[in-house]
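Participant: Got model.cif for you, mmCIF, C-alpha atoms, pLDDT in the B column; chains and numbers go by the auth columns:
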data_entry
loop_
_atom_site.group_PDB
_atom_site.id
_atom_site.type_symbol
_atom_site.label_atom_id
_atom_site.label_comp_id
_atom_site.label_asym_id
_atom_site.label_seq_id
_atom_site.Cartn_x
_atom_site.Cartn_y
_atom_site.Cartn_z
_atom_site.B_iso_or_equiv
_atom_site.auth_seq_id
_atom_site.auth_asym_id
ATOM 1 C CA GLY A 1 0.000 0.000 0.000 76.00 1 A
ATOM 2 C CA ALA A 2 0.889 3.664 -0.219 87.00 2 A
ATOM 3 C CA VAL A 3 3.443 4.844 2.335 92.00 3 A
ATOM 4 C CA VAL A 4 4.532 8.305 3.374 95.00 4 A
ATOM 5 C CA SER A 5 7.730 8.597 5.373 96.00 5 A
ATOM 6 C CA GLN A 6 7.937 11.637 7.654 97.00 6 A
ATOM 7 C CA HIS A 7 11.118 12.780 9.423 97.00 7 A
ATOM 8 C CA PRO A 8 12.073 13.590 12.041 98.00 8 A
ATOM 9 C CA SER A 9 9.528 11.999 14.358 97.00 9 A
ATOM 10 C CA TRP A 10 10.474 14.421 17.085 97.00 10 A
ATOM 11 C CA VAL A 11 12.754 17.431 17.358 98.00 11 A
ATOM 12 C CA ILE A 12 13.777 19.893 20.055 98.00 12 A
ATOM 13 C CA CYS A 13 15.153 23.208 18.935 96.00 13 A
ATOM 14 C CA LYS A 14 16.145 26.505 20.468 97.00 14 A
ATOM 15 C CA SER A 15 13.949 29.538 20.117 98.00 15 A
ATOM 16 C CA GLY A 16 14.885 31.553 17.030 97.00 16 A
ATOM 17 C CA THR A 17 16.216 28.633 15.007 98.00 17 A
ATOM 18 C CA SER A 18 14.585 26.963 12.018 98.00 18 A
ATOM 19 C CA VAL A 19 13.432 23.378 11.704 98.00 19 A
ATOM 20 C CA LYS A 20 12.764 21.413 8.538 98.00 20 A
ATOM 21 C CA ILE A 21 10.301 18.515 8.392 98.00 21 A
ATOM 22 C CA GLU A 22 10.316 16.159 5.403 97.00 22 A
ATOM 23 C CA CYS A 23 7.611 13.993 3.942 97.00 23 A
ATOM 24 C CA ARG A 24 8.404 11.497 1.225 95.00 24 A
ATOM 25 C CA SER A 25 5.957 9.339 -0.682 93.00 25 A
ATOM 26 C CA LEU A 26 7.768 6.037 -1.084 93.00 26 A
ATOM 27 C CA ASP A 27 5.749 4.154 -3.671 89.00 27 A
ATOM 28 C CA PHE A 28 3.497 6.662 -5.363 90.00 28 A
ATOM 29 C CA GLN A 29 3.550 10.171 -6.734 90.00 29 A
ATOM 30 C CA ALA A 30 2.059 12.739 -4.410 90.00 30 A
ATOM 31 C CA THR A 31 0.462 15.353 -6.601 89.00 31 A
ATOM 32 C CA THR A 32 -0.934 17.171 -3.571 93.00 32 A
ATOM 33 C CA MET A 33 0.474 17.420 -0.065 95.00 33 A
ATOM 34 C CA PHE A 34 -1.457 18.655 2.942 96.00 34 A
ATOM 35 C CA TRP A 35 0.215 19.870 6.138 97.00 35 A
ATOM 36 C CA TYR A 36 -1.614 19.759 9.449 98.00 36 A
ATOM 37 C CA ARG A 37 -0.916 20.886 12.985 97.00 37 A
ATOM 38 C CA GLN A 38 -2.450 19.458 16.118 96.00 38 A
ATOM 39 C CA PHE A 39 -2.474 21.009 19.577 93.00 39 A
ATOM 40 C CA PRO A 40 -3.229 18.827 22.623 90.00 40 A
ATOM 41 C CA LYS A 41 -6.793 17.480 22.738 88.00 41 A
ATOM 42 C CA GLN A 42 -7.674 19.285 19.536 93.00 42 A
ATOM 43 C CA SER A 43 -8.305 18.106 16.008 95.00 43 A
ATOM 44 C CA LEU A 44 -5.860 18.097 13.126 97.00 44 A
ATOM 45 C CA MET A 45 -5.983 21.582 11.652 96.00 45 A
ATOM 46 C CA LEU A 46 -5.064 22.091 8.015 96.00 46 A
ATOM 47 C CA MET A 47 -2.245 24.599 7.629 97.00 47 A
ATOM 48 C CA ALA A 48 -1.582 24.529 3.904 96.00 48 A
ATOM 49 C CA THR A 49 -2.019 22.649 0.666 94.00 49 A
ATOM 50 C CA SER A 50 0.711 22.301 -1.917 92.00 50 A
ATOM 51 C CA ASN A 51 0.733 20.937 -5.418 89.00 51 A
ATOM 52 C CA GLU A 52 3.951 19.773 -7.028 85.00 52 A
ATOM 53 C CA GLY A 53 5.761 22.657 -8.647 83.00 53 A
ATOM 54 C CA SER A 54 3.341 25.301 -7.370 85.00 54 A
ATOM 55 C CA LYS A 55 3.288 27.680 -4.446 89.00 55 A
ATOM 56 C CA ALA A 56 1.476 26.425 -1.399 93.00 56 A
ATOM 57 C CA THR A 57 -1.968 27.706 -0.473 95.00 57 A
ATOM 58 C CA TYR A 58 -2.197 28.624 3.199 96.00 58 A
ATOM 59 C CA GLU A 59 -5.264 28.488 5.386 95.00 59 A
ATOM 60 C CA GLN A 60 -6.496 31.625 7.039 95.00 60 A
ATOM 61 C CA GLY A 61 -4.391 32.605 10.033 94.00 61 A
ATOM 62 C CA VAL A 62 -1.313 30.584 9.009 96.00 62 A
ATOM 63 C CA GLU A 63 1.755 32.751 8.393 95.00 63 A
ATOM 64 C CA LYS A 64 3.297 31.773 5.082 93.00 64 A
ATOM 65 C CA ASP A 65 6.614 33.429 5.947 95.00 65 A
ATOM 66 C CA LYS A 66 6.892 31.416 9.132 96.00 66 A
ATOM 67 C CA PHE A 67 5.849 28.062 7.694 97.00 67 A
ATOM 68 C CA LEU A 68 7.687 27.602 4.409 96.00 68 A
ATOM 69 C CA ILE A 69 6.459 24.747 2.259 95.00 69 A
ATOM 70 C CA ASN A 70 8.373 23.324 -0.662 92.00 70 A
ATOM 71 C CA HIS A 71 6.916 20.684 -2.947 90.00 71 A
ATOM 72 C CA ALA A 72 9.558 20.581 -5.651 82.00 72 A
ATOM 73 C CA SER A 73 9.071 16.958 -6.662 90.00 73 A
ATOM 74 C CA LEU A 74 6.254 14.433 -6.786 90.00 74 A
ATOM 75 C CA THR A 75 7.797 12.451 -3.937 92.00 75 A
ATOM 76 C CA LEU A 76 9.077 15.089 -1.539 94.00 76 A
ATOM 77 C CA SER A 77 7.516 17.956 0.361 95.00 77 A
ATOM 78 C CA THR A 78 9.117 19.902 3.190 96.00 78 A
ATOM 79 C CA LEU A 79 7.778 22.191 5.879 97.00 79 A
ATOM 80 C CA THR A 80 10.264 24.604 7.430 97.00 80 A
ATOM 81 C CA VAL A 81 9.322 26.362 10.644 98.00 81 A
ATOM 82 C CA THR A 82 11.393 29.537 10.558 97.00 82 A
ATOM 83 C CA SER A 83 12.495 31.443 13.638 97.00 83 A
ATOM 84 C CA ALA A 84 10.640 29.008 15.838 97.00 84 A
ATOM 85 C CA HIS A 85 9.168 30.166 19.127 97.00 85 A
ATOM 86 C CA PRO A 86 7.710 28.166 22.023 97.00 86 A
ATOM 87 C CA GLU A 87 4.174 28.786 20.741 96.00 87 A
ATOM 88 C CA ASP A 88 5.123 26.858 17.572 97.00 88 A
ATOM 89 C CA SER A 89 5.596 23.737 19.688 97.00 89 A
ATOM 90 C CA SER A 90 3.055 21.301 18.335 97.00 90 A
ATOM 91 C CA PHE A 91 2.500 18.082 16.431 98.00 91 A
ATOM 92 C CA TYR A 92 2.881 18.444 12.657 98.00 92 A
ATOM 93 C CA ILE A 93 1.730 15.808 10.187 98.00 93 A
ATOM 94 C CA CYS A 94 1.574 15.569 6.411 97.00 94 A
ATOM 95 C CA SER A 95 -0.874 13.818 4.137 97.00 95 A
ATOM 96 C CA ALA A 96 -0.242 13.003 0.490 95.00 96 A
ATOM 97 C CA ARG A 97 -2.825 12.584 -2.195 92.00 97 A
ATOM 98 C CA GLY A 98 -1.902 10.755 -5.391 84.00 98 A
ATOM 99 C CA ASP A 99 -3.758 9.616 -8.474 75.00 99 A
ATOM 100 C CA ARG A 100 -5.851 7.058 -6.648 72.00 100 A
ATOM 101 C CA ASP A 101 -7.790 9.632 -4.658 69.00 101 A
ATOM 102 C CA GLY A 102 -6.648 8.266 -1.315 85.00 102 A
ATOM 103 C CA TYR A 103 -5.004 10.267 1.436 93.00 103 A
ATOM 104 C CA THR A 104 -1.876 8.725 2.975 95.00 104 A
ATOM 105 C CA PHE A 105 -0.481 10.173 6.158 96.00 105 A
ATOM 106 C CA GLY A 106 3.002 10.400 7.555 97.00 106 A
ATOM 107 C CA SER A 107 3.553 9.446 11.182 97.00 107 A
ATOM 108 C CA GLY A 108 3.953 13.016 12.381 97.00 108 A
ATOM 109 C CA THR A 109 6.637 15.187 13.963 98.00 109 A
ATOM 110 C CA ARG A 110 6.546 16.397 17.549 98.00 110 A
ATOM 111 C CA LEU A 111 8.254 19.823 17.668 98.00 111 A
ATOM 112 C CA THR A 112 9.325 21.315 20.966 98.00 112 A
ATOM 113 C CA VAL A 113 10.828 24.792 20.954 98.00 113 A
ATOM 114 C CA VAL A 114 12.762 25.721 24.095 97.00 114 A
ATOM 115 C CA ILE B 1 -13.464 26.142 9.658 65.00 1 B
ATOM 116 C CA LEU B 2 -15.993 23.338 9.311 78.00 2 B
ATOM 117 C CA ASN B 3 -17.515 21.950 12.480 90.00 3 B
ATOM 118 C CA VAL B 4 -16.813 18.235 12.714 96.00 4 B
ATOM 119 C CA GLU B 5 -17.532 16.772 16.125 97.00 5 B
ATOM 120 C CA GLN B 6 -16.863 13.357 17.553 98.00 6 B
ATOM 121 C CA SER B 7 -18.338 11.904 20.704 97.00 7 B
ATOM 122 C CA PRO B 8 -17.465 10.673 23.127 98.00 8 B
ATOM 123 C CA GLN B 9 -13.914 11.984 23.415 97.00 9 B
ATOM 124 C CA SER B 10 -12.840 8.693 24.971 97.00 10 B
ATOM 125 C CA LEU B 11 -14.326 5.419 26.060 97.00 11 B
ATOM 126 C CA HIS B 12 -13.263 2.276 27.837 98.00 12 B
ATOM 127 C CA VAL B 13 -14.570 -1.080 26.706 98.00 13 B
ATOM 128 C CA GLN B 14 -14.256 -4.517 28.205 98.00 14 B
ATOM 129 C CA GLU B 15 -12.721 -7.091 25.876 98.00 15 B
ATOM 130 C CA GLY B 16 -15.465 -8.875 23.995 98.00 16 B
ATOM 131 C CA ASP B 17 -17.982 -6.050 24.331 98.00 17 B
ATOM 132 C CA SER B 18 -19.238 -4.053 21.375 98.00 18 B
ATOM 133 C CA THR B 19 -19.196 -0.288 21.179 98.00 19 B
ATOM 134 C CA ASN B 20 -20.023 2.583 18.874 98.00 20 B
ATOM 135 C CA PHE B 21 -19.345 6.285 18.610 98.00 21 B
ATOM 136 C CA THR B 22 -20.440 9.231 16.535 98.00 22 B
ATOM 137 C CA CYS B 23 -19.148 11.745 14.057 98.00 23 B
ATOM 138 C CA SER B 24 -21.320 14.725 13.158 98.00 24 B
ATOM 139 C CA PHE B 25 -20.566 17.003 10.231 96.00 25 B
ATOM 140 C CA PRO B 26 -22.138 19.703 8.057 92.00 26 B
ATOM 141 C CA SER B 27 -24.910 18.382 5.830 86.00 27 B
ATOM 142 C CA SER B 28 -24.136 20.860 3.034 87.00 28 B
ATOM 143 C CA ASN B 29 -21.380 20.619 0.410 88.00 29 B
ATOM 144 C CA PHE B 30 -20.814 16.990 1.315 92.00 30 B
ATOM 145 C CA TYR B 31 -18.421 14.969 -0.845 93.00 31 B
ATOM 146 C CA ALA B 32 -17.183 12.158 1.416 95.00 32 B
ATOM 147 C CA LEU B 33 -16.710 11.108 5.016 96.00 33 B
ATOM 148 C CA HIS B 34 -13.433 9.414 5.952 96.00 34 B
ATOM 149 C CA TRP B 35 -12.711 7.249 8.986 98.00 35 B
ATOM 150 C CA TYR B 36 -9.185 6.645 10.211 97.00 36 B
ATOM 151 C CA ARG B 37 -7.677 4.491 12.920 98.00 37 B
ATOM 152 C CA TRP B 38 -4.666 6.089 14.615 97.00 38 B
ATOM 153 C CA GLU B 39 -2.294 4.334 16.960 96.00 39 B
ATOM 154 C CA THR B 40 0.331 6.247 18.893 92.00 40 B
ATOM 155 C CA ALA B 41 3.569 6.863 16.970 91.00 41 B
ATOM 156 C CA LYS B 42 2.063 5.477 13.770 95.00 42 B
ATOM 157 C CA SER B 43 0.407 6.968 10.714 96.00 43 B
ATOM 158 C CA PRO B 44 -3.374 7.246 10.652 96.00 44 B
ATOM 159 C CA GLU B 45 -4.699 4.199 8.814 95.00 45 B
ATOM 160 C CA ALA B 46 -7.620 4.631 6.446 95.00 46 B
ATOM 161 C CA LEU B 47 -10.636 2.557 7.431 96.00 47 B
ATOM 162 C CA PHE B 48 -13.501 3.764 5.264 96.00 48 B
ATOM 163 C CA VAL B 49 -14.386 6.361 2.695 95.00 49 B
ATOM 164 C CA MET B 50 -18.129 6.852 2.598 96.00 50 B
ATOM 165 C CA THR B 51 -19.913 8.874 -0.042 95.00 51 B
ATOM 166 C CA LEU B 52 -23.562 7.847 -0.359 94.00 52 B
ATOM 167 C CA ASN B 53 -26.367 8.528 2.083 95.00 53 B
ATOM 168 C CA GLY B 54 -27.276 5.245 3.728 95.00 54 B
ATOM 169 C CA ASP B 55 -23.850 3.758 2.992 95.00 55 B
ATOM 170 C CA GLU B 56 -22.795 0.969 5.277 97.00 56 B
ATOM 171 C CA LYS B 57 -19.238 -0.371 5.144 97.00 57 B
ATOM 172 C CA LYS B 58 -17.537 -3.175 6.998 97.00 58 B
ATOM 173 C CA LYS B 59 -13.941 -4.219 7.599 96.00 59 B
ATOM 174 C CA GLY B 60 -13.637 -7.234 9.850 96.00 60 B
ATOM 175 C CA ARG B 61 -15.294 -6.405 13.172 97.00 61 B
ATOM 176 C CA ILE B 62 -15.487 -2.691 12.384 98.00 62 B
ATOM 177 C CA SER B 63 -18.353 -1.165 10.456 98.00 63 B
ATOM 178 C CA ALA B 64 -19.661 2.302 9.740 98.00 64 B
ATOM 179 C CA THR B 65 -22.887 3.914 8.620 98.00 65 B
ATOM 180 C CA LEU B 66 -23.542 7.265 6.990 98.00 66 B
ATOM 181 C CA ASN B 67 -26.439 9.719 7.047 97.00 67 B
ATOM 182 C CA THR B 68 -25.615 12.730 4.900 95.00 68 B
ATOM 183 C CA LYS B 69 -29.035 14.355 5.232 94.00 69 B
ATOM 184 C CA GLU B 70 -28.747 14.750 8.988 95.00 70 B
ATOM 185 C CA GLY B 71 -24.955 14.891 9.016 95.00 71 B
ATOM 186 C CA TYR B 72 -23.764 11.980 11.100 97.00 72 B
ATOM 187 C CA SER B 73 -21.848 8.748 10.870 98.00 73 B
ATOM 188 C CA TYR B 74 -21.512 5.922 13.374 98.00 74 B
ATOM 189 C CA LEU B 75 -18.539 3.631 13.759 98.00 75 B
ATOM 190 C CA TYR B 76 -19.167 0.264 15.375 98.00 76 B
ATOM 191 C CA ILE B 77 -16.679 -2.181 16.849 98.00 77 B
ATOM 192 C CA LYS B 78 -18.064 -5.646 17.458 98.00 78 B
ATOM 193 C CA GLY B 79 -16.458 -7.898 20.055 98.00 79 B
ATOM 194 C CA SER B 80 -13.694 -5.424 20.971 98.00 80 B
ATOM 195 C CA GLN B 81 -10.147 -6.750 21.254 97.00 81 B
ATOM 196 C CA PRO B 82 -7.100 -5.098 22.871 96.00 82 B
ATOM 197 C CA GLU B 83 -5.681 -4.430 19.402 96.00 83 B
ATOM 198 C CA ASP B 84 -8.685 -2.207 18.684 97.00 84 B
ATOM 199 C CA SER B 85 -7.318 0.299 21.195 97.00 85 B
ATOM 200 C CA ALA B 86 -6.591 3.442 19.188 98.00 86 B
ATOM 201 C CA THR B 87 -7.927 6.880 18.385 98.00 87 B
ATOM 202 C CA TYR B 88 -10.565 6.868 15.680 98.00 88 B
ATOM 203 C CA LEU B 89 -10.759 9.987 13.546 98.00 89 B
ATOM 204 C CA CYS B 90 -13.446 11.062 11.171 98.00 90 B
ATOM 205 C CA ALA B 91 -12.887 13.662 8.476 97.00 91 B
ATOM 206 C CA PHE B 92 -15.389 15.556 6.343 96.00 92 B
ATOM 207 C CA ARG B 93 -14.427 16.177 2.777 93.00 93 B
ATOM 208 C CA SER B 94 -16.062 18.800 0.615 87.00 94 B
ATOM 209 C CA ASN B 95 -15.436 19.125 -3.111 82.00 95 B
ATOM 210 C CA ASP B 96 -12.160 21.030 -2.695 83.00 96 B
ATOM 211 C CA TYR B 97 -10.301 17.868 -1.565 85.00 97 B
ATOM 212 C CA LYS B 98 -9.591 19.299 1.866 91.00 98 B
ATOM 213 C CA LEU B 99 -10.308 17.187 4.931 94.00 99 B
ATOM 214 C CA SER B 100 -11.763 18.699 8.112 95.00 100 B
ATOM 215 C CA PHE B 101 -11.153 16.457 11.094 97.00 101 B
ATOM 216 C CA GLY B 102 -12.936 15.785 14.325 97.00 102 B
ATOM 217 C CA ALA B 103 -10.879 15.613 17.506 96.00 103 B
ATOM 218 C CA GLY B 104 -11.190 11.834 17.621 97.00 104 B
ATOM 219 C CA THR B 105 -12.579 9.173 19.920 98.00 105 B
ATOM 220 C CA THR B 106 -9.937 7.306 21.900 98.00 106 B
ATOM 221 C CA VAL B 107 -10.918 3.719 22.542 98.00 107 B
ATOM 222 C CA THR B 108 -9.240 1.674 25.260 98.00 108 B
ATOM 223 C CA VAL B 109 -10.073 -2.017 25.371 98.00 109 B
ATOM 224 C CA ARG B 110 -9.472 -3.648 28.740 95.00 110 B
ATOM 225 C CA ALA B 111 -8.489 -7.294 28.766 90.00 111 B
#
Could the structure of this file be written out as structure tokens, please?

Facilitator:
Amino acid sequence: GAVVSQHPSWVICKSGTSVKIECRSLDFQATTMFWYRQFPKQSLMLMATSNEGSKATYEQGVEKDKFLINHASLTLSTLTVTSAHPEDSSFYICSARGDRDGYTFGSGTRLTVV
Amino acid sequence: ILNVEQSPQSLHVQEGDSTNFTCSFPSSNFYALHWYRWETAKSPEALFVMTLNGDEKKKGRISATLNTKEGYSYLYIKGSQPEDSATYLCAFRSNDYKLSFGAGTTVTVRA
């Protein structure tokens, strides 16, 4: 079945630094990638949608300059949290959509900014 | 932000017992309703994609029903086993391919 590999699974960084999260589709081409964030006891909230080779579309209230999304190939999308602050500490997860209309999720990244 | 609600937030079930829980979603602009099973430190696993009002789907001991007119779906687990312990997510999909998730129902099966 379709697999999306997400790395790292957890990361601790210092306030003011940047962190990059990668999602790779291992056995299919991800034409669309969705990035979500989840705060404790809340639902997955869509942050942005990216199509291969295009600029990402951000949901209302999500700062595009803080959360940089690159989807340069059909198998790789990255989310970079720039100048991270403690309030950016959260769980981030990607979901890839390919030709078969299914949504395949990564396993998520727990980001802690200290 | 679409309002997708799941209840209860958590439940405990004795091994062998059956259980069910609810997902409610907007009844307008409906395209599909997705159910996922999510274990800690793993990727959410797709269970069902439901599109038609009255749909009923089954996968082993797990089944789901769909009512698009009133905006709800039930997930049923028959004869719960410890391996059924997980968080079950539902997600509403409108015709823009975006998924709006509920907060999940966490099921704990006691042996």

Participant: Rank nothing, just name the residue among B:Ser28, B:Ser63, B:Ser73, B:Ser100 nearest to chain A, using only C-alpha atoms.

Facilitator: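 Of the candidates, the smallest distance to chain A is held by B:Ser100.
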
Participant: Could you tell me which residues the PyMOL selection byres ((chain B) within 8 of (chain A)) grabs in this file, written as a PDB file with C-alpha atoms, in the frame of the given file?

Facilitator:
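expr-v4.pdb, written as the output of this step:
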ATOM      1  CA  ALA B  41       3.569   6.863  16.970  1.00 91.00           C
ATOM      2  CA  LYS B  42       2.063   5.477  13.770  1.00 95.00           C
ATOM      3  CA  SER B  43       0.407   6.968  10.714  1.00 96.00           C
ATOM      4  CA  PRO B  44      -3.374   7.246  10.652  1.00 96.00           C
ATOM      5  CA  GLU B  45      -4.699   4.199   8.814  1.00 95.00           C
ATOM      6  CA  ALA B  46      -7.620   4.631   6.446  1.00 95.00           C
ATOM      7  CA  LEU B  99     -10.308  17.187   4.931  1.00 94.00           C
ATOM      8  CA  SER B 100     -11.763  18.699   8.112  1.00 95.00           C
ATOM      9  CA  PHE B 101     -11.153  16.457  11.094  1.00 97.00           C
ATOM     10  CA  GLY B 102     -12.936  15.785  14.325  1.00 97.00           C
ATOM     11  CA  ALA B 103     -10.879  15.613  17.506  1.00 96.00           C
ATOM     12  CA  GLY B 104     -11.190  11.834  17.621  1.00 97.00           C
TER      13      GLY B 104
END

Participant: Can you spell out as a VMD selection string the set of residues that the PyMOL selection byres ((chain A and resi 24) around 9) selects in the structure I just provided?

Facilitator: chain A and resid 3 to 7 22 to 23 25 to 26 30 74 to 78 96 106

Participant: Write the residues you've just listed into a file as a PDB file, keeping the file's coordinate frame, and include C-alpha atoms for each of them.

Facilitator:
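Output below, filename again_39.pdb:
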ATOM      1  CA  VAL A   3       3.443   4.844   2.335  1.00 92.00           C
ATOM      2  CA  VAL A   4       4.532   8.305   3.374  1.00 95.00           C
ATOM      3  CA  SER A   5       7.730   8.597   5.373  1.00 96.00           C
ATOM      4  CA  GLN A   6       7.937  11.637   7.654  1.00 97.00           C
ATOM      5  CA  HIS A   7      11.118  12.780   9.423  1.00 97.00           C
ATOM      6  CA  GLU A  22      10.316  16.159   5.403  1.00 97.00           C
ATOM      7  CA  CYS A  23       7.611  13.993   3.942  1.00 97.00           C
ATOM      8  CA  SER A  25       5.957   9.339  -0.682  1.00 93.00           C
ATOM      9  CA  LEU A  26       7.768   6.037  -1.084  1.00 93.00           C
ATOM     10  CA  ALA A  30       2.059  12.739  -4.410  1.00 90.00           C
ATOM     11  CA  LEU A  74       6.254  14.433  -6.786  1.00 90.00           C
ATOM     12  CA  THR A  75       7.797  12.451  -3.937  1.00 92.00           C
ATOM     13  CA  LEU A  76       9.077  15.089  -1.539  1.00 94.00           C
ATOM     14  CA  SER A  77       7.516  17.956   0.361  1.00 95.00           C
ATOM     15  CA  THR A  78       9.117  19.902   3.190  1.00 96.00           C
ATOM     16  CA  ALA A  96      -0.242  13.003   0.490  1.00 95.00           C
ATOM     17  CA  GLY A 106       3.002  10.400   7.555  1.00 97.00           C
TER      18      GLY A 106
END

Participant: If we count all atoms listed in the file and set the cut-off at 7 Å, which residues sit around Ile69 of chain A, ignoring sequence neighbours fewer than 5 positions away in its own chain? Please answer as a list in words.

Facilitator: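 Here the qualifying residues turn out to be Ala56, Thr78, Leu79 and Thr80 of chain A.
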
Participant: One decimal, in Å: what's the spacing between atom CA of Gln9 of chain B and atom CA of Thr106 of chain B?

Facilitator: 6.3 Å

Participant: Can you tell me, as a PDB file with C-alpha atoms, keeping the file's coordinate frame, what residues are no more than 8 Å from segment 50-59 of chain B when counting only C-alpha atoms, ignoring any on the same chain fewer than 6 positions away?

Facilitator:
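Writing done, so here's around-v7.pdb:
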ATOM      1  CA  TYR B  31     -18.421  14.969  -0.845  1.00 93.00           C
ATOM      2  CA  ALA B  32     -17.183  12.158   1.416  1.00 95.00           C
ATOM      3  CA  LEU B  33     -16.710  11.108   5.016  1.00 96.00           C
ATOM      4  CA  HIS B  34     -13.433   9.414   5.952  1.00 96.00           C
ATOM      5  CA  THR B  65     -22.887   3.914   8.620  1.00 98.00           C
ATOM      6  CA  LEU B  66     -23.542   7.265   6.990  1.00 98.00           C
ATOM      7  CA  ASN B  67     -26.439   9.719   7.047  1.00 97.00           C
ATOM      8  CA  THR B  68     -25.615  12.730   4.900  1.00 95.00           C
ATOM      9  CA  LYS B  69     -29.035  14.355   5.232  1.00 94.00           C
TER      10      LYS B  69
END

Participant: I need the output of the PyMOL selection byres ((chain A and resi 65) around 12) for this file as a PyMOL selection string; which residues are they?

Facilitator: chain A and resi 18+56+58+61-64+66-69+79-84

Participant: Quick one: pull the distance between atom CA of Ser18 of chain B and atom CA of Glu70 of chain B, Å, one decimal.

Facilitator: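 Computing it gives 24.4 Å between the two atoms.
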
Participant: Could you state the separation of atom CA of His12 of chain B and atom CA of Ser24 of chain B in Å, given to one decimal place?

Facilitator: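 Result for atom CA of His12 of chain B versus atom CA of Ser24 of chain B: 20.9 Å, one decimal.
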